[in-house]
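*Asks:* Mind looking over this structure? Questions follow.
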Amino acid sequence: MSDDVKSPSVERLTWLRDELEPWLTKHFKDHPDHQSVLAAVAQYWADEADDAVHLTLLASKSAVPDFFSSEWDEDAKGDTVGIGWSNRPSWDDNGLSIRSFQGLCGEGGSQELPSSDQAEPFLLAQREGKGHRVTWLGRSQRPWLDLPNAALPGFLGEDDDGEPMDREPLDLVLPAQTLEPADLECLEAIASDPYAEGPRRVWADMWLARNDPRGAFMQERTASRAALIDQGEFWLGELNRVVPLASAVWEYGSLTEADVAFSDDTLGLVDSPWWLSVHTLRFSSEDELFSKQMRGLRHVRGLTSVGLLALADFEGVLRLESLQASVSMAELDALLALPLKNLKSLSLGDGDVSKLKLPTSTWLKLEHVRICRAWTPTYEWDEENGDGANAEMPSVAALRAALPFVPRVSVCAADAAGLPAGWDLSLTKGVDDVATLRLERLGPASRRALLDAQLEGLPVSVKTVALEPSVIFQPDSKFRVGGGRKAVVSKAP
């Protein structure tokens, strides 16, 4: 790769290092009463452009800013305030921010909507001692936009007339490192026990003993931001054509989790031996493929009807522990026919829960079933769709009745990528008078109207809602749950 052209993933990491981190240090120093800062992005049409990516920063006197404020005003009187244009880090709405951050944004936004209805939080910084701690919250809505060859060269510059320059596609594809027989043995050991630390550390030691540069990268349990900026694309090797670096999760330098976006010219990479170390894959393209090299796979996300046939022929289906699929109830029959003997968690797209008949003789380990309904904002000027349609949610009571043998059932909103987002409301078998509420993700699907619609689907016998705190939600007993129910903060982390 050239020094001045980077993939969107690396550009994003570079902005965090060079722009946001120094700004956070200065902000916490200048505002001793601020305990946290939340960063969010949204892509929507505005007066000057239709693809600009807009940055929102919230600062708070609390450990977590109140994302649910209807307006984020820098002159607000409460604990949470917006950061004005003149005080934020360097950011160009119409420049490289598009290429670097558009993958994190949903589609269909508008300048007519408040930021809280469309912004996607991607980072939370919290004061800690004399410094601050950063937690990454971002999840790509469109992972293929983070691939090197999707770098949209036009954003790299304009000609004298202000038009995007006609550049050749960026050549950021890297060759795979050669794997020796000993490497394949290590990968096989990892695939047989993908969560064990030992096999991954053995492989890391092998690279270090060879005095190979990859060895140093593999010594730390999780790769540092600096290492990812400098070496991450290279260590992905040939997989960087289908795996966005930003989605890669490493364990001692070997890949464990990733988004994957195959295309017509990268289908052959499904047979790469580098998949042996991966236990979690999320598909994000029309091609959903499996191979014998995915023997360590335990979790699959983003599956559609396209991937069902491939999954049926996948010998590793017996080892899958969780599955997230967006399929219709008609297509669900093909899924239910699979021998998912080790499946513990199933997350499904929208459908009629009364028709959800799961096998009890083969899916013996199933612990949790979740129904997710896709949700997008209804614009004020969109009279055709109406206001009420998006607020309807599946009934938790109906789901509990349909699946009496499943230990836990829940409903949740889904983001533009079909993945669980917003509030997760669940019922546990044998606990008739308590529901559990957890904030799965911040973002538009966290709106209060969506939560109220979910609460309406609880059985009338539920008198208490246990609120589970998380890094993005610090509730108290005054949190409103409606229906005369009592809100209780649980001790969950």
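Every chain in the structure tokens has a letter given in the order shown (A, B, ...), and although residue numbers restart at 1 in each chain, ligands are simply numbered from 1 in the order shown.
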To test your reading of the structure, identify every residue in stretch 297-425 of chain A that backbone DSSP assigns to alpha helix (DSSP H), and report it as number ranges by chain.

*Replies:* A: 305-312, 329-336, 396-402

*Asks:* So that I can check the secondary structure, give me every residue of stretch 149-353 of chain A assigned strand (DSSP E) by backbone DSSP, as a ChimeraX atom specification.

*Replies:* /A:249-251,254-260,280-283,299-303,322-325,345-348

*Asks:* May I have the selected residues written with C-alpha atoms, as an mmCIF file, in the first residue's frame?

*Replies:*
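part_26.cif, written as the output of this step:
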data_model
loop_
_atom_site.group_PDB
_atom_site.id
_atom_site.type_symbol
_atom_site.label_atom_id
_atom_site.label_comp_id
_atom_site.auth_asym_id
_atom_site.auth_seq_id
_atom_site.Cartn_x
_atom_site.Cartn_y
_atom_site.Cartn_z
ATOM 1 C CA VAL A 249 -11.199 -9.559 16.141
ATOM 2 C CA TRP A 250 -7.851 -11.108 16.991
ATOM 3 C CA GLU A 251 -6.752 -13.513 19.687
ATOM 4 C CA SER A 254 -5.001 -15.134 14.824
ATOM 5 C CA LEU A 255 -8.391 -14.131 13.463
ATOM 6 C CA THR A 256 -11.406 -15.136 15.591
ATOM 7 C CA GLU A 257 -14.331 -13.003 14.381
ATOM 8 C CA ALA A 258 -15.020 -11.129 11.153
ATOM 9 C CA ASP A 259 -17.558 -9.729 8.741
ATOM 10 C CA VAL A 260 -17.252 -11.297 5.298
ATOM 11 C CA THR A 280 -17.685 -16.209 14.359
ATOM 12 C CA LEU A 281 -18.691 -14.979 10.895
ATOM 13 C CA ARG A 282 -21.211 -12.377 9.835
ATOM 14 C CA PHE A 283 -22.251 -12.424 6.178
ATOM 15 C CA HIS A 299 -21.487 -18.619 15.360
ATOM 16 C CA VAL A 300 -23.104 -17.362 12.153
ATOM 17 C CA ARG A 301 -24.723 -13.940 11.696
ATOM 18 C CA GLY A 302 -26.451 -12.313 8.739
ATOM 19 C CA LEU A 303 -27.746 -15.529 7.192
ATOM 20 C CA SER A 322 -25.642 -19.635 17.640
ATOM 21 C CA LEU A 323 -27.371 -18.503 14.498
ATOM 22 C CA GLN A 324 -28.824 -15.162 13.431
ATOM 23 C CA ALA A 325 -30.953 -15.392 10.290
ATOM 24 C CA SER A 345 -29.077 -19.296 20.617
ATOM 25 C CA LEU A 346 -31.356 -18.537 17.659
ATOM 26 C CA SER A 347 -32.159 -15.025 16.450
ATOM 27 C CA LEU A 348 -34.749 -14.698 13.689
#

*Asks:* Need to verify the contact set: stretch 134-147 of chain A, 9 Å, only C-alpha atoms, exclusion of same-chain residues closer than 6 positions in sequence. Can you return it as an MDAnalysis selection string?

*Replies:* chainID A and resid 7:9 40 99:107 120:127 240:247 259:262 284:285 415:419 441:442 471:472

*Asks:* Output the selection as a CSV table (one decimal), in the first residue's frame - N, CA and C atoms for each residue.

*Replies:*
chain,number,residue,atom,x,y,z
A,7,SER,N,-7.0,1.9,3.3
A,7,SER,CA,-8.3,1.4,3.3
A,7,SER,C,-9.2,2.2,4.2
A,8,PRO,N,-10.5,2.2,4.0
A,8,PRO,CA,-11.4,2.9,4.9
A,8,PRO,C,-11.2,2.5,6.4
A,9,SER,N,-11.0,1.3,6.7
A,9,SER,CA,-10.8,0.8,8.1
A,9,SER,C,-9.6,1.5,8.7
A,40,ALA,N,-21.0,9.8,17.6
A,40,ALA,CA,-22.0,9.1,16.8
A,40,ALA,C,-21.9,9.7,15.4
A,99,ARG,N,-15.7,8.2,3.2
A,99,ARG,CA,-15.1,6.9,2.9
A,99,ARG,C,-14.8,6.2,4.2
A,100,SER,N,-14.4,6.9,5.2
A,100,SER,CA,-13.9,6.3,6.5
A,100,SER,C,-15.1,5.8,7.4
A,101,PHE,N,-16.2,6.5,7.3
A,101,PHE,CA,-17.3,6.3,8.3
A,101,PHE,C,-18.6,5.9,7.8
A,102,GLN,N,-18.8,5.9,6.5
A,102,GLN,CA,-20.1,5.6,5.9
A,102,GLN,C,-20.6,4.2,6.2
A,103,GLY,N,-19.6,3.3,6.3
A,103,GLY,CA,-20.0,1.9,6.6
A,103,GLY,C,-20.7,1.7,8.0
A,104,LEU,N,-20.4,2.6,8.9
A,104,LEU,CA,-21.1,2.6,10.2
A,104,LEU,C,-22.5,3.1,10.2
A,105,CYS,N,-22.9,3.8,9.1
A,105,CYS,CA,-24.1,4.6,9.1
A,105,CYS,C,-25.2,3.7,8.4
A,106,GLY,N,-26.5,3.9,8.9
A,106,GLY,CA,-27.6,3.4,8.2
A,106,GLY,C,-28.0,4.2,7.0
A,107,GLU,N,-28.9,3.8,6.3
A,107,GLU,CA,-29.3,4.5,5.1
A,107,GLU,C,-30.7,5.2,5.3
A,120,GLU,N,-25.6,6.9,14.7
A,120,GLU,CA,-25.2,5.6,15.2
A,120,GLU,C,-24.0,5.8,16.1
A,121,PRO,N,-24.1,5.6,17.4
A,121,PRO,CA,-22.9,5.8,18.3
A,121,PRO,C,-21.8,4.8,17.9
A,122,PHE,N,-20.6,5.3,17.9
A,122,PHE,CA,-19.5,4.3,17.6
A,122,PHE,C,-18.4,4.3,18.6
A,123,LEU,N,-18.4,5.3,19.6
A,123,LEU,CA,-17.4,5.3,20.6
A,123,LEU,C,-17.8,6.0,21.8
A,124,LEU,N,-17.4,5.4,23.0
A,124,LEU,CA,-17.7,6.1,24.3
A,124,LEU,C,-16.4,6.2,25.0
A,125,ALA,N,-16.1,7.5,25.4
A,125,ALA,CA,-14.9,7.8,26.2
A,125,ALA,C,-15.3,8.2,27.6
A,126,GLN,N,-14.7,7.6,28.6
A,126,GLN,CA,-15.0,7.8,30.0
A,126,GLN,C,-13.8,8.2,30.8
A,127,ARG,N,-13.9,9.2,31.6
A,127,ARG,CA,-12.8,9.6,32.4
A,127,ARG,C,-12.4,8.5,33.3
A,240,ASN,N,-8.1,-9.9,3.2
A,240,ASN,CA,-8.4,-8.5,3.3
A,240,ASN,C,-9.3,-8.1,2.0
A,241,ARG,N,-9.4,-9.0,1.1
A,241,ARG,CA,-10.3,-8.8,-0.1
A,241,ARG,C,-11.8,-9.1,0.3
A,242,VAL,N,-12.0,-9.8,1.4
A,242,VAL,CA,-13.4,-10.1,1.8
A,242,VAL,C,-13.7,-9.8,3.2
A,243,VAL,N,-12.7,-9.5,4.0
A,243,VAL,CA,-12.9,-9.2,5.4
A,243,VAL,C,-12.4,-7.7,5.7
A,244,PRO,N,-13.3,-6.8,6.1
A,244,PRO,CA,-12.9,-5.5,6.5
A,244,PRO,C,-12.1,-5.5,7.7
A,245,LEU,N,-11.0,-4.8,7.7
A,245,LEU,CA,-10.1,-4.9,8.9
A,245,LEU,C,-10.8,-4.4,10.2
A,246,ALA,N,-11.7,-3.4,10.0
A,246,ALA,CA,-12.4,-2.9,11.2
A,246,ALA,C,-13.3,-4.0,11.9
A,247,SER,N,-13.7,-5.0,11.2
A,247,SER,CA,-14.5,-6.1,11.8
A,247,SER,C,-13.7,-7.2,12.4
A,259,ASP,N,-16.6,-9.9,9.8
A,259,ASP,CA,-17.6,-9.7,8.7
A,259,ASP,C,-16.9,-10.3,7.5
A,260,VAL,N,-17.8,-10.8,6.6
A,260,VAL,CA,-17.3,-11.3,5.3
A,260,VAL,C,-18.2,-10.9,4.2
A,261,ALA,N,-17.6,-10.3,3.1
A,261,ALA,CA,-18.4,-9.9,2.0
A,261,ALA,C,-17.8,-10.4,0.7
A,262,PHE,N,-18.3,-11.6,0.3
A,262,PHE,CA,-17.8,-12.2,-1.0
A,262,PHE,C,-18.3,-11.5,-2.2
A,284,SER,N,-22.4,-10.4,4.8
A,284,SER,CA,-22.9,-9.1,4.5
A,284,SER,C,-22.9,-8.9,3.0
A,285,SER,N,-23.2,-10.0,2.2
A,285,SER,CA,-23.3,-9.8,0.8
A,285,SER,C,-24.2,-10.9,0.3
A,415,ASP,N,-31.4,-3.5,13.2
A,415,ASP,CA,-30.9,-2.4,12.5
A,415,ASP,C,-31.0,-2.6,11.0
A,416,ALA,N,-30.4,-1.7,10.2
A,416,ALA,CA,-30.5,-1.8,8.8
A,416,ALA,C,-29.8,-3.1,8.2
A,417,ALA,N,-28.9,-3.7,9.0
A,417,ALA,CA,-28.2,-4.9,8.6
A,417,ALA,C,-29.0,-6.1,9.1
A,418,GLY,N,-30.1,-5.9,9.7
A,418,GLY,CA,-30.9,-7.1,10.2
A,418,GLY,C,-30.4,-7.6,11.5
A,419,LEU,N,-29.4,-7.0,12.2
A,419,LEU,CA,-28.9,-7.5,13.4
A,419,LEU,C,-29.6,-6.9,14.6
A,441,ARG,N,-28.0,-2.2,22.0
A,441,ARG,CA,-27.2,-1.2,21.3
A,441,ARG,C,-27.8,0.1,21.4
A,442,LEU,N,-27.0,1.2,21.4
A,442,LEU,CA,-27.5,2.5,21.2
A,442,LEU,C,-27.8,2.8,19.7
A,471,VAL,N,-22.3,-0.9,29.6
A,471,VAL,CA,-21.4,0.2,29.4
A,471,VAL,C,-22.1,1.4,28.7
A,472,ILE,N,-23.2,1.1,28.1
A,472,ILE,CA,-23.9,2.2,27.4
A,472,ILE,C,-25.3,2.5,28.0

*Asks:* With a distance cut-off of 7 Å and only C-alpha atoms, select the neighbouring residues of A:Ser62, excluding the residue or stretch itself and same-chain residues fewer than 3 positions from it, and output the selection as a count of residues only.

*Replies:* 4

*Asks:* From the set A:His27, A:Arg133, A:His368, A:Arg480, which residue has the shortest atom-to-atom contact distance to A:Arg88, counting only C-alpha atoms?

*Replies:* A:His27

*Asks:* Between atom CA of A:Leu467 and atom CA of A:Val488, what is the spacing in Å?

*Replies:*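 Computing it gives 5.9 Å between the two atoms.
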
*Asks:* Give me, as a PDB file with N, CA and C atoms, in the first residue's frame, all polymer residues having an atom no more than 7 Å from A:Met393, counting only C-alpha atoms and skipping those fewer than 6 positions away in the same chain.

*Replies:*
ATOM      1  N   ARG A 373     -37.378  -7.338  14.806  1.00  0.00           N
ATOM      2  CA  ARG A 373     -38.153  -6.686  13.760  1.00  0.00           C
ATOM      3  C   ARG A 373     -37.359  -5.510  13.203  1.00  0.00           C
ATOM      4  N   ALA A 453     -43.602   0.000  22.723  1.00  0.00           N
ATOM      5  CA  ALA A 453     -44.311  -1.000  21.931  1.00  0.00           C
ATOM      6  C   ALA A 453     -43.945  -2.412  22.387  1.00  0.00           C
ATOM      7  N   GLN A 454     -42.672  -2.615  22.743  1.00  0.00           N
ATOM      8  CA  GLN A 454     -42.267  -3.927  23.243  1.00  0.00           C
ATOM      9  C   GLN A 454     -42.934  -4.232  24.583  1.00  0.00           C
TER      10      GLN A 454
END
